$ cat structure.tsv   # TSV, C-alpha atoms
chain	number	residue	atom	x	y	z
A	1	MET	CA	-4.25	66.52	-17.48
A	2	ASN	CA	-2.58	66.91	-20.87
A	3	TYR	CA	-0.47	69.88	-21.92
A	4	GLN	CA	-0.21	71.46	-25.35
A	5	LEU	CA	3.45	72.40	-25.63
A	6	ASN	CA	5.94	73.49	-28.25
A	7	LEU	CA	9.06	71.54	-27.26
A	8	ARG	CA	11.32	74.20	-28.78
A	9	GLU	CA	9.66	76.83	-26.62
A	10	VAL	CA	10.07	74.63	-23.55
A	11	THR	CA	13.74	73.96	-24.35
A	12	TYR	CA	14.47	77.64	-24.92
A	13	ALA	CA	12.83	78.60	-21.62
A	14	LEU	CA	14.61	75.89	-19.66
A	15	SER	CA	17.94	76.87	-21.22
A	16	THR	CA	17.37	80.22	-19.50
A	17	ALA	CA	17.24	78.40	-16.17
A	18	LEU	CA	20.50	76.58	-16.94
A	19	ASP	CA	22.17	79.79	-18.07
A	20	PHE	CA	21.17	81.50	-14.82
A	21	VAL	CA	23.94	79.50	-13.15
A	22	GLY	CA	26.28	82.00	-14.82
A	23	ILE	CA	24.64	84.74	-12.66
A	24	ASP	CA	25.50	87.68	-14.93
A	25	ASP	CA	26.28	85.63	-18.04
A	26	THR	CA	22.80	84.37	-18.85
A	27	PHE	CA	22.85	83.42	-22.55
A	28	HIS	CA	25.65	80.85	-22.75
A	29	GLY	CA	23.55	77.89	-23.92
A	30	LYS	CA	21.83	80.02	-26.54
A	31	ARG	CA	25.15	81.30	-27.92
A	32	VAL	CA	26.44	77.74	-28.16
A	33	ALA	CA	23.25	76.71	-29.97
A	34	TYR	CA	23.52	79.67	-32.35
A	35	MET	CA	27.14	78.97	-33.29
A	36	ALA	CA	26.53	75.24	-33.75
A	37	ALA	CA	23.55	75.94	-35.99
A	38	GLU	CA	25.47	78.41	-38.14
A	39	ILE	CA	28.31	75.95	-38.68
A	40	LEU	CA	25.95	73.14	-39.65
A	41	LYS	CA	24.05	75.41	-42.04
A	42	GLU	CA	27.33	76.17	-43.76
A	43	LEU	CA	27.92	72.43	-44.07
A	44	HIS	CA	24.41	71.91	-45.46
A	45	TRP	CA	23.24	69.52	-42.76
A	46	PRO	CA	19.50	68.72	-42.93
A	47	GLN	CA	17.33	71.10	-40.90
A	48	GLU	CA	15.98	68.25	-38.77
A	49	LYS	CA	19.52	67.46	-37.57
A	50	ILE	CA	20.25	71.15	-36.99
A	51	ASP	CA	17.10	71.41	-34.86
A	52	ASP	CA	18.30	68.52	-32.70
A	53	VAL	CA	21.73	70.10	-32.29
A	54	ILE	CA	20.13	73.40	-31.27
A	55	CYS	CA	18.13	71.64	-28.55
A	56	ALA	CA	21.13	69.61	-27.37
A	57	SER	CA	23.29	72.75	-27.30
A	58	MET	CA	20.77	74.65	-25.21
A	59	LEU	CA	20.73	71.80	-22.69
A	60	HIS	CA	24.43	70.90	-22.81
A	61	ASP	CA	25.19	72.27	-19.33
A	62	CYS	CA	22.26	70.66	-17.54
A	63	GLY	CA	24.83	68.84	-15.40
A	64	VAL	CA	26.03	72.17	-13.97
A	65	SER	CA	24.23	73.56	-10.92
A	66	SER	CA	27.10	75.21	-9.06
A	67	THR	CA	28.41	78.70	-9.78
A	68	ASP	CA	31.85	77.40	-8.77
A	69	VAL	CA	31.78	74.71	-11.47
A	70	HIS	CA	30.50	77.26	-13.98
A	71	SER	CA	33.41	79.54	-13.12
A	72	HIS	CA	35.94	76.80	-13.94
A	73	LEU	CA	34.20	76.06	-17.22
A	74	VAL	CA	34.39	79.64	-18.46
A	75	THR	CA	37.84	80.54	-17.14
A	76	GLU	CA	39.74	77.41	-18.13
A	77	LEU	CA	39.96	76.11	-21.68
A	78	ASP	CA	40.26	72.47	-20.65
A	79	TRP	CA	39.27	71.72	-17.06
A	80	ASP	CA	40.22	68.32	-15.59
A	81	ASN	CA	36.88	67.83	-13.82
A	82	SER	CA	34.72	68.80	-16.79
A	83	GLN	CA	33.70	65.17	-17.35
A	84	VAL	CA	31.78	65.17	-14.08
A	85	HIS	CA	29.08	67.52	-15.34
A	86	ALA	CA	29.09	65.82	-18.76
A	87	LYS	CA	28.31	62.45	-17.16
A	88	ARG	CA	25.67	64.00	-14.93
A	89	GLY	CA	24.10	65.71	-17.92
A	90	GLU	CA	23.87	62.37	-19.69
A	91	GLN	CA	22.17	60.85	-16.66
A	92	LEU	CA	19.66	63.69	-16.38
A	93	LEU	CA	18.74	63.66	-20.07
A	94	ASN	CA	18.32	59.89	-20.08
A	95	SER	CA	15.68	60.30	-17.36
A	96	VAL	CA	13.42	62.26	-19.74
A	97	ASP	CA	12.15	60.38	-22.80
A	98	ILE	CA	11.81	63.50	-24.95
A	99	TYR	CA	15.45	64.48	-24.34
A	100	ALA	CA	17.12	61.06	-24.10
A	101	LYS	CA	18.34	61.19	-27.71
A	102	TYR	CA	20.66	64.05	-26.76
A	103	ALA	CA	22.27	62.24	-23.81
A	104	THR	CA	25.27	60.81	-25.69
A	105	PHE	CA	26.11	64.18	-27.25
A	106	ILE	CA	26.20	65.74	-23.81
A	107	ARG	CA	28.20	62.89	-22.28
A	108	TYR	CA	31.06	63.57	-24.70
A	109	HIS	CA	30.79	67.34	-25.16
A	110	HIS	CA	34.09	67.84	-23.29
A	111	THR	CA	35.94	64.95	-24.94
A	112	HIS	CA	38.83	65.77	-27.28
A	113	TRP	CA	38.34	65.00	-30.97
A	114	ASP	CA	41.28	62.61	-31.00
A	115	LYS	CA	40.03	60.83	-27.87
A	116	MET	CA	36.49	60.04	-29.00
A	117	PRO	CA	35.66	56.38	-28.26
A	118	ASP	CA	35.24	54.05	-31.21
A	119	SER	CA	31.88	52.94	-29.83
A	120	LEU	CA	30.30	56.22	-30.98
A	121	SER	CA	28.84	56.69	-34.44
A	122	GLN	CA	30.39	59.35	-36.65
A	123	GLU	CA	27.37	61.57	-36.16
A	124	GLU	CA	27.61	61.28	-32.36
A	125	LYS	CA	31.29	62.19	-32.49
A	126	ASP	CA	30.59	65.13	-34.78
A	127	ILE	CA	27.77	66.64	-32.74
A	128	ALA	CA	29.49	66.15	-29.38
A	129	ASN	CA	32.68	67.75	-30.67
A	130	LEU	CA	30.88	70.60	-32.38
A	131	ILE	CA	29.18	71.50	-29.10
A	132	TYR	CA	32.55	71.25	-27.37
A	133	MET	CA	34.27	73.58	-29.82
A	134	VAL	CA	31.65	76.33	-29.82
A	135	ASP	CA	31.32	76.00	-26.05
A	136	ARG	CA	35.04	76.76	-25.79
A	137	VAL	CA	34.64	79.67	-28.22
A	138	ASP	CA	32.07	81.16	-25.88
A	139	ALA	CA	34.26	80.53	-22.85
A	140	LEU	CA	37.14	82.36	-24.53
A	141	ASN	CA	34.79	85.18	-25.46
A	142	ALA	CA	33.59	85.46	-21.85
A	143	GLN	CA	37.20	85.92	-20.73
A	144	GLN	CA	37.47	89.03	-22.90
A	145	LYS	CA	35.13	90.88	-20.59
A	146	ASP	CA	37.81	90.97	-17.93
A	147	SER	CA	40.85	91.50	-20.11
A	148	ASP	CA	42.10	93.91	-22.75
A	149	THR	CA	44.55	91.38	-24.14
A	150	LEU	CA	42.06	88.96	-25.67
A	151	SER	CA	40.42	89.59	-29.03
A	152	VAL	CA	38.49	87.83	-31.76
A	153	GLN	CA	41.80	86.94	-33.35
A	154	THR	CA	42.99	85.43	-30.07
A	155	ILE	CA	39.92	83.20	-30.02
A	156	LYS	CA	40.54	82.10	-33.59
A	157	ASP	CA	44.22	81.44	-32.92
A	158	THR	CA	43.40	79.34	-29.85
A	159	ILE	CA	40.80	77.22	-31.64
A	160	THR	CA	43.15	76.78	-34.61
A	161	LYS	CA	45.97	75.66	-32.31
A	162	TYR	CA	43.94	72.66	-31.18
A	163	SER	CA	42.56	71.65	-34.58
A	164	GLY	CA	42.90	67.89	-34.97
A	165	THR	CA	43.48	67.28	-31.27
A	166	MET	CA	40.74	68.93	-29.23
A	167	PHE	CA	38.55	69.88	-32.17
A	168	SER	CA	37.47	68.49	-35.53
A	169	PRO	CA	39.52	70.12	-38.32
A	170	GLU	CA	36.40	70.41	-40.46
A	171	PHE	CA	34.50	72.35	-37.80
A	172	VAL	CA	37.51	74.56	-37.08
A	173	GLU	CA	37.78	75.46	-40.76
A	174	VAL	CA	34.11	76.38	-41.02
A	175	PHE	CA	34.22	78.36	-37.78
A	176	LEU	CA	37.20	80.39	-39.03
A	177	HIS	CA	35.30	81.11	-42.25
A	178	ILE	CA	31.93	82.21	-40.86
A	179	SER	CA	33.46	84.12	-37.94
A	180	GLU	CA	34.95	86.55	-40.47
A	181	ARG	CA	31.48	88.05	-40.73
A	182	SER	CA	30.88	90.92	-38.31
A	183	SER	CA	27.29	89.71	-37.87
A	184	PHE	CA	28.56	86.40	-36.46
A	185	TRP	CA	29.76	88.21	-33.35
A	186	PHE	CA	26.86	90.68	-33.21
A	187	TYR	CA	24.56	87.73	-32.57
A	188	PHE	CA	26.28	87.13	-29.25
A	189	GLU	CA	24.19	90.01	-27.86
A	190	GLU	CA	21.07	89.04	-25.92
A	191	ASP	CA	18.52	90.94	-28.01
A	192	ALA	CA	20.02	89.59	-31.23
A	193	LEU	CA	19.97	86.01	-29.93
A	194	ASP	CA	16.34	86.29	-28.90
A	195	GLU	CA	15.54	87.56	-32.36
A	196	TYR	CA	17.58	84.77	-33.97
A	197	PHE	CA	15.53	82.05	-32.25
A	198	ILE	CA	12.04	83.60	-32.52
A	199	GLU	CA	11.29	82.09	-35.91
A	200	TRP	CA	12.87	78.76	-34.95
A	201	ILE	CA	10.58	78.54	-31.92
A	202	GLU	CA	7.50	79.60	-33.90
A	203	ASN	CA	8.18	76.88	-36.47
A	204	GLY	CA	8.18	74.24	-33.75
A	205	GLU	CA	5.30	71.80	-33.70
A	206	GLU	CA	2.89	72.04	-30.79
A	207	ARG	CA	1.87	68.63	-29.55
A	208	THR	CA	0.14	66.99	-26.64
A	209	PHE	CA	2.23	65.92	-23.65
A	210	SER	CA	0.82	63.75	-20.89
A	211	PHE	CA	1.09	64.68	-17.24
A	212	LEU	CA	3.69	61.92	-16.78
A	213	GLU	CA	5.87	63.32	-19.59
A	214	VAL	CA	5.71	66.81	-18.11
A	215	LYS	CA	6.42	65.44	-14.64
A	216	LYS	CA	9.58	63.67	-15.86
A	217	LEU	CA	10.74	66.93	-17.41
A	218	ALA	CA	9.99	68.84	-14.21
A	219	LEU	CA	11.78	66.19	-12.13
A	220	MET	CA	14.89	66.61	-14.24
A	221	PHE	CA	15.00	70.34	-13.61
A	222	ALA	CA	14.13	69.89	-9.95
A	223	ALA	CA	17.22	67.66	-9.76
A	224	VAL	CA	19.34	70.40	-11.37
A	225	VAL	CA	18.11	72.98	-8.85
A	226	ASP	CA	18.40	70.74	-5.80
A	227	ALA	CA	21.96	69.74	-6.71
A	228	LYS	CA	23.04	73.38	-6.33
A	229	SER	CA	23.64	72.88	-2.62
A	230	GLU	CA	24.02	69.86	-0.37
A	231	PHE	CA	21.51	71.56	1.92
A	232	THR	CA	18.73	71.51	-0.69
A	233	SER	CA	19.08	67.89	-1.79
A	234	SER	CA	15.63	66.65	-2.88
A	235	HIS	CA	13.98	69.85	-1.59
A	236	SER	CA	11.90	70.54	-4.71
A	237	VAL	CA	10.81	66.91	-5.03
A	238	SER	CA	9.83	66.79	-1.36
A	239	VAL	CA	7.90	70.07	-1.52
A	240	SER	CA	6.05	68.85	-4.58
A	241	ASN	CA	5.28	65.51	-2.95
A	242	LEU	CA	3.91	67.10	0.22
A	243	ALA	CA	1.97	69.76	-1.70
A	244	ARG	CA	0.30	67.12	-3.87
A	245	TYR	CA	-0.71	65.17	-0.76
A	246	LEU	CA	-2.17	68.25	0.94
A	247	ALA	CA	-4.09	69.19	-2.21
A	248	GLU	CA	-5.59	65.70	-2.41
A	249	GLU	CA	-6.56	65.83	1.28
A	250	MET	CA	-8.37	69.11	0.54
A	251	ASN	CA	-10.35	67.29	-2.17
A	252	LEU	CA	-9.12	69.54	-4.95
A	253	SER	CA	-9.67	68.31	-8.50
A	254	LEU	CA	-7.18	65.99	-10.19
A	255	GLU	CA	-6.24	68.76	-12.63
A	256	VAL	CA	-5.47	71.18	-9.79
A	257	CYS	CA	-3.52	68.54	-7.84
A	258	GLU	CA	-1.36	67.81	-10.87
A	259	LYS	CA	-0.78	71.51	-11.47
A	260	ILE	CA	0.33	71.95	-7.85
A	261	GLU	CA	2.70	68.98	-8.16
A	262	ILE	CA	4.41	70.41	-11.27
A	263	ALA	CA	4.60	73.92	-9.80
A	264	GLY	CA	6.13	72.44	-6.65
A	265	LEU	CA	8.83	70.70	-8.67
A	266	LEU	CA	9.70	73.90	-10.54
A	267	HIS	CA	9.19	76.51	-7.80
A	268	ASP	CA	12.89	77.04	-7.09
A	269	LEU	CA	14.20	77.26	-10.67
A	270	GLY	CA	15.17	80.87	-9.99
A	271	LYS	CA	17.63	79.72	-7.32
A	272	LEU	CA	20.01	78.74	-10.09
A	273	ARG	CA	20.77	82.46	-10.33
A	274	VAL	CA	21.75	82.67	-6.64
A	275	ASP	CA	25.46	82.37	-5.94
A	276	ASP	CA	26.57	79.23	-4.09
A	277	SER	CA	28.13	81.35	-1.34
A	278	ILE	CA	24.72	82.83	-0.49
A	279	LEU	CA	22.89	79.50	-0.44
A	280	ASN	CA	25.58	77.90	1.71
A	281	LYS	CA	26.26	80.83	4.04
A	282	PRO	CA	26.23	79.59	7.66
A	283	SER	CA	25.24	82.98	9.09
A	284	LYS	CA	22.59	85.63	8.50
A	285	LEU	CA	22.44	87.12	5.02
A	286	ASP	CA	23.25	90.79	4.68
A	287	TYR	CA	20.89	93.23	2.92
A	288	ASN	CA	22.25	92.73	-0.60
A	289	GLU	CA	22.44	88.97	-0.21
A	290	ARG	CA	18.85	88.91	0.99
A	291	LEU	CA	17.75	90.91	-2.05
A	292	LYS	CA	19.41	88.40	-4.36
A	293	MET	CA	17.81	85.50	-2.52
A	294	ASN	CA	14.38	87.09	-2.43
A	295	ARG	CA	14.15	87.42	-6.21
A	296	HIS	CA	14.35	83.69	-6.92
A	297	GLY	CA	10.57	83.24	-7.04
A	298	PHE	CA	10.36	86.08	-9.55
A	299	ASP	CA	13.12	84.49	-11.63
A	300	SER	CA	11.20	81.20	-11.61
A	301	TYR	CA	8.30	83.13	-13.12
A	302	ILE	CA	10.52	84.79	-15.75
A	303	ILE	CA	11.75	81.35	-16.86
A	304	LEU	CA	8.42	79.54	-16.96
A	305	ARG	CA	6.16	82.31	-18.31
A	306	ARG	CA	7.73	81.95	-21.75
A	307	VAL	CA	6.09	78.55	-22.14
A	308	GLN	CA	2.51	79.08	-23.28
A	309	GLY	CA	1.25	75.93	-21.58
A	310	PHE	CA	2.93	76.83	-18.27
A	311	LYS	CA	1.44	80.27	-17.65
A	312	GLU	CA	-0.51	79.30	-14.54
A	313	ILE	CA	2.26	77.03	-13.26
A	314	ALA	CA	4.70	79.93	-13.62
A	315	TYR	CA	2.45	82.15	-11.54
A	316	LEU	CA	1.95	79.58	-8.80
A	317	ALA	CA	5.66	78.74	-8.65
A	318	SER	CA	6.58	82.40	-8.26
A	319	MET	CA	4.31	82.87	-5.22
A	320	HIS	CA	5.81	80.27	-2.90
A	321	HIS	CA	7.10	82.94	-0.50
A	322	GLU	CA	3.93	85.03	-0.42
A	323	THR	CA	2.18	85.17	2.97
A	324	LEU	CA	-1.38	86.13	3.91
A	325	ASP	CA	-0.23	89.21	5.87
A	326	SER	CA	1.16	90.78	2.67
A	327	GLN	CA	4.70	90.62	4.06
A	328	GLY	CA	5.87	87.93	1.65
A	329	TYR	CA	7.89	88.30	-1.52
A	330	PRO	CA	8.40	89.05	-4.37
A	331	TYR	CA	4.94	90.61	-4.83
A	332	ASN	CA	3.77	91.44	-1.27
A	333	PHE	CA	0.35	90.11	-2.22
A	334	GLU	CA	-2.62	90.46	0.11
A	335	ALA	CA	-4.48	87.31	1.17
A	336	LYS	CA	-7.23	87.83	-1.41
A	337	ASP	CA	-4.65	87.65	-4.20
A	338	ILE	CA	-3.10	84.34	-3.11
A	339	PRO	CA	-4.98	81.30	-4.47
A	340	ILE	CA	-5.30	78.08	-2.51
A	341	GLU	CA	-2.80	76.35	-4.83
A	342	ALA	CA	-0.08	78.86	-3.92
A	343	ARG	CA	-0.97	78.71	-0.22
A	344	ILE	CA	-0.47	74.94	-0.28
A	345	ILE	CA	2.92	75.20	-1.98
A	346	THR	CA	4.03	77.90	0.49
A	347	SER	CA	3.10	75.79	3.51
A	348	ALA	CA	4.76	72.71	2.03
A	349	ASP	CA	7.89	74.70	1.21
A	350	ILE	CA	8.18	76.12	4.73
A	351	TYR	CA	7.56	72.81	6.48
A	352	GLN	CA	10.01	70.92	4.29
A	353	ALA	CA	12.72	73.56	4.73
A	354	LEU	CA	12.34	73.41	8.50
A	355	ILE	CA	12.91	69.65	8.73
A	356	GLN	CA	15.84	69.71	6.31
A	357	ASN	CA	19.41	70.59	7.31
A	358	ARG	CA	20.48	74.11	6.47
A	359	PRO	CA	23.98	75.68	6.64
A	360	TYR	CA	22.93	77.71	9.68
A	361	ARG	CA	21.09	74.94	11.63
A	362	GLU	CA	20.26	71.26	11.84
A	363	GLY	CA	16.93	70.04	10.53
A	364	LEU	CA	14.13	70.26	13.08
A	365	SER	CA	11.96	67.41	14.30
A	366	LYS	CA	8.49	67.06	12.81
A	367	GLU	CA	6.98	68.46	16.01
A	368	GLU	CA	9.34	71.44	16.17
A	369	ALA	CA	8.63	72.27	12.54
A	370	LEU	CA	4.88	72.04	13.16
A	371	ASN	CA	5.18	74.45	16.11
A	372	ILE	CA	6.82	77.05	13.88
A	373	VAL	CA	4.26	76.57	11.12
A	374	THR	CA	1.48	76.89	13.73
A	375	SER	CA	3.03	80.11	15.08
A	376	MET	CA	3.19	81.54	11.57
A	377	THR	CA	-0.46	80.63	11.06
A	378	GLU	CA	-1.47	82.33	14.32
A	379	ALA	CA	0.46	85.40	13.14
A	380	GLY	CA	-1.71	85.54	10.04
A	381	LYS	CA	0.91	84.33	7.56
A	382	LEU	CA	-0.34	80.87	6.59
A	383	ASP	CA	-3.72	79.33	5.86
A	384	HIS	CA	-5.09	77.58	8.99
A	385	ARG	CA	-6.85	74.94	6.90
A	386	ILE	CA	-3.52	73.72	5.52
A	387	THR	CA	-1.75	73.92	8.87
A	388	ASN	CA	-4.53	71.88	10.48
A	389	LEU	CA	-4.09	69.25	7.77
A	390	ILE	CA	-0.39	69.01	8.54
A	391	ALA	CA	-1.07	68.79	12.27
A	392	ASN	CA	-3.72	66.09	11.86
A	393	ASN	CA	-1.57	64.02	9.51
A	394	LEU	CA	1.86	64.85	10.93
A	395	ASP	CA	3.54	61.47	10.45
A	396	THR	CA	2.38	61.20	6.85
A	397	CYS	CA	3.34	64.81	6.07
A	398	TYR	CA	6.79	64.28	7.52
A	399	GLU	CA	7.24	61.17	5.40
A	400	LYS	CA	6.02	62.96	2.27
A	401	ALA	CA	8.39	65.86	2.94
A	402	MET	CA	11.46	63.64	3.35
A	403	ILE	CA	11.27	61.75	0.05
A	404	LYS	CA	14.54	61.26	-1.83
A	405	TYR	CA	14.84	61.42	-5.60
A	406	GLU	CA	17.09	58.67	-6.98
A	407	ILE	CA	18.68	60.76	-9.76
A	408	LEU	CA	20.34	62.91	-7.12
$ encode --input "structure.tsv" --output "structure tokens"
Amino acid sequence: MNYQLNLREVTYALSTALDFVGIDDTFHGKRVAYMAAEILKELHWPQEKIDDVICASMLHDCGVSSTDVHSHLVTELDWDNSQVHAKRGEQLLNSVDIYAKYATFIRYHHTHWDKMPDSLSQEEKDIANLIYMVDRVDALNAQQKDSDTLSVQTIKDTITKYSGTMFSPEFVEVFLHISERSSFWFYFEEDALDEYFIEWIENGEERTFSFLEVKKLALMFAAVVDAKSEFTSSHSVSVSNLARYLAEEMNLSLEVCEKIEIAGLLHDLGKLRVDDSILNKPSKLDYNERLKMNRHGFDSYIILRRVQGFKEIAYLASMHHETLDSQGYPYNFEAKDIPIEARIITSADIYQALIQNRPYREGLSKEEALNIVTSMTEAGKLDHRITNLIANNLDTCYEKAMIKYEIL
């Protein structure tokens, strides 16, 4: 199956997933993209280059999955371990052909201006350092929310202090100039940023992407999600793999099988908004923690629905915790409202989670996991046709559900 997609729309939507790692600060990548674009416009860079920098800026933190890492990045101006996520970001972007051209920018987006390696072209140095500088501007701005002592002038003074060492003097000069405008800072607000990028997205070219291209993109974001916790390593990839197998065994069409595979890869995108402490908690979640956990399917929908070509995938991904007894979440759908595609993903998700280690228990054997899935089916929660498939092909299903993805 081919997909008609506007890559700018896809990038904008996926930047929302990356920004969810900030929990309450959910527009970081977009603010970085906005500031970088404004500086390059002032310098009269060609629009094609500005478009690339916008995309790279929106994806610059793809190497960050942990809320703990995100906290260091926004509370410390220059964090010693920042290169870890920069290197991971490079690796992730290189795995997707349509984003590979941004990989070098992201690899060096925490490298000081005076420490840029000679192996880079001038343009690579410029773009990487521009993203670094405006990223630090946004980090300084985020700190203001918790302090009365910081101000716009404090941000300017800090950036100026490191001109020529951490940051390009040319970019510092332009930043100081355009940040004199009140509107520069007004665009940090969420509604204003959305408005800022509407026309940019609409001007993007819609083109045909093959299933393989879309799968590589989905695999990249599955890797971002699954890296959030050691207990979810390869979870999304394994769920997708098992769901695709079950769909094929049910003789569903190739188009439907591919749709299930992509939805399986992206089903947990909303978990990026769940704090690490909740995902890794070794005991029962309290009421508020459970509420935060239970919204992740809905957040997956919020992210993916903004991509015109992903409407159905968004819907399927969001339903992976719906059960046939209408006791699932986030919609409490009745059985008649849950399509077979979503039922397959739900069963695959439950089975895979049961055989994988969790902070509160060791992974179960394939037989123990099947017993639980069978009990849930007898209780009216899962589709018996899918459970029977798992039971009749238990060894294969176990193998499919334990696949490892090399990028992790």
$ closest_residue --input "structure.tsv" --among "A:Asn357, A:Ser326, A:Thr26, A:Ser168" --to "A:Glu189" --atoms "only C-alpha atoms"
A:Thr26
$ atom_distance --input "structure.tsv" --atom1 "atom CA of A:Gln47" --atom2 "atom CA of A:Tyr99"
17.9 Å
$ closest_residue --input "structure.tsv" --among "A:Ser151, A:Gln356, A:Ser15, A:Ser229" --to "A:Thr67" --atoms "only C-alpha atoms"
A:Ser229
$ closest_residue --input "structure.tsv" --among "A:Thr346, A:Asn332, A:Ser57, A:Gln83" --to "A:Ala263" --atoms "only C-alpha atoms"
A:Thr346
$ residues_near_point --input "structure.tsv" --point "(38.6, 63.5, -16.6)" --cutoff "12 Å" --atoms "all atoms listed in the file" --output "PDB file with C-alpha atoms, keeping the file's coordinate frame"
ATOM      1  CA  ASP A  78      40.260  72.470 -20.650  1.00  0.00           C
ATOM      2  CA  TRP A  79      39.270  71.720 -17.060  1.00  0.00           C
ATOM      3  CA  ASP A  80      40.220  68.320 -15.590  1.00  0.00           C
ATOM      4  CA  ASN A  81      36.880  67.830 -13.820  1.00  0.00           C
ATOM      5  CA  SER A  82      34.720  68.800 -16.790  1.00  0.00           C
ATOM      6  CA  GLN A  83      33.700  65.170 -17.350  1.00  0.00           C
ATOM      7  CA  VAL A  84      31.780  65.170 -14.080  1.00  0.00           C
ATOM      8  CA  HIS A  85      29.080  67.520 -15.340  1.00  0.00           C
ATOM      9  CA  ALA A  86      29.090  65.820 -18.760  1.00  0.00           C
ATOM     10  CA  LYS A  87      28.310  62.450 -17.160  1.00  0.00           C
ATOM     11  CA  ARG A 107      28.200  62.890 -22.280  1.00  0.00           C
ATOM     12  CA  TYR A 108      31.060  63.570 -24.700  1.00  0.00           C
ATOM     13  CA  HIS A 110      34.090  67.840 -23.290  1.00  0.00           C
ATOM     14  CA  THR A 111      35.940  64.950 -24.940  1.00  0.00           C
ATOM     15  CA  HIS A 112      38.830  65.770 -27.280  1.00  0.00           C
ATOM     16  CA  LYS A 115      40.030  60.830 -27.870  1.00  0.00           C
TER      17      LYS A 115
END
$ atom_distance --input "structure.tsv" --atom1 "atom CA of A:Met166" --atom2 "atom CA of A:Leu193"
26.9 Å
$ residues_around --input "structure.tsv" --residues "A:Val53" --least-positions-apart "4" --cutoff "12 Å" --atoms "all atoms listed in the file" --output "count of residues only"
41
$ closest_residue --input "structure.tsv" --among "A:Asn392, A:Thr160, A:Leu217, A:Val74" --to "A:Leu93" --atoms "all atoms listed in the file"
A:Leu217
$ closest_atom_pairs --input "structure.tsv" --of "stretch 325-353 of chain A" --to "stretch 291-306 of chain A" --cutoff "10 Å" --atoms "all atoms listed in the file" --output "CSV"
residue,atom,partner,partner_atom,distance
A:Gly328,CA,A:Asn294,CA,9.5
A:Tyr329,CA,A:Asn294,CA,6.7
A:Pro330,CA,A:Arg295,CA,6.3
A:Tyr331,CA,A:Phe298,CA,8.5
$ atom_distance --input "structure.tsv" --atom1 "atom CA of A:Gly309" --atom2 "atom CA of A:Tyr3"
6.3 Å
$ closest_residue --input "structure.tsv" --among "A:Leu5, A:Lys125, A:Ala142, A:Ala17" --to "A:Asp268" --atoms "all atoms listed in the file"
A:Ala17
$ closest_residue --input "structure.tsv" --among "A:Ala379, A:Ile313, A:Ala139, A:Leu279" --to "A:Phe27" --atoms "only C-alpha atoms"
A:Ala139
$ decode --input "structure.tsv" --residues "stretch 84-96 of chain A" --atoms "N, CA and C atoms" --output "short mmCIF file (atom, residue, chain, number, x, y, z; two decimals), in the first residue's frame"
data_model
loop_
_atom_site.label_atom_id
_atom_site.label_comp_id
_atom_site.auth_asym_id
_atom_site.auth_seq_id
_atom_site.Cartn_x
_atom_site.Cartn_y
_atom_site.Cartn_z
N VAL A 84 25.24 12.02 24.41
CA VAL A 84 24.64 10.68 24.29
C VAL A 84 23.39 10.74 23.42
N HIS A 85 22.50 11.69 23.72
CA HIS A 85 21.26 11.76 22.94
C HIS A 85 21.52 12.31 21.55
N ALA A 86 22.58 13.12 21.39
CA ALA A 86 22.92 13.63 20.06
C ALA A 86 23.38 12.49 19.16
N LYS A 87 24.21 11.61 19.69
CA LYS A 87 24.69 10.46 18.92
C LYS A 87 23.55 9.50 18.60
N ARG A 88 22.67 9.30 19.57
CA ARG A 88 21.52 8.41 19.33
C ARG A 88 20.59 9.01 18.28
N GLY A 89 20.40 10.32 18.34
CA GLY A 89 19.57 10.98 17.34
C GLY A 89 20.12 10.79 15.95
N GLU A 90 21.44 10.90 15.82
CA GLU A 90 22.08 10.68 14.52
C GLU A 90 21.80 9.26 14.03
N GLN A 91 21.93 8.31 14.92
CA GLN A 91 21.70 6.91 14.55
C GLN A 91 20.26 6.68 14.09
N LEU A 92 19.33 7.24 14.83
CA LEU A 92 17.91 7.08 14.49
C LEU A 92 17.59 7.71 13.13
N LEU A 93 18.05 8.92 12.91
CA LEU A 93 17.75 9.61 11.66
C LEU A 93 18.40 8.92 10.46
N ASN A 94 19.58 8.36 10.66
CA ASN A 94 20.25 7.64 9.58
C ASN A 94 19.51 6.37 9.19
N SER A 95 18.61 5.90 10.05
CA SER A 95 17.86 4.67 9.75
C SER A 95 16.66 4.94 8.85
N VAL A 96 16.37 6.22 8.62
CA VAL A 96 15.20 6.61 7.80
C VAL A 96 15.69 7.45 6.63
#
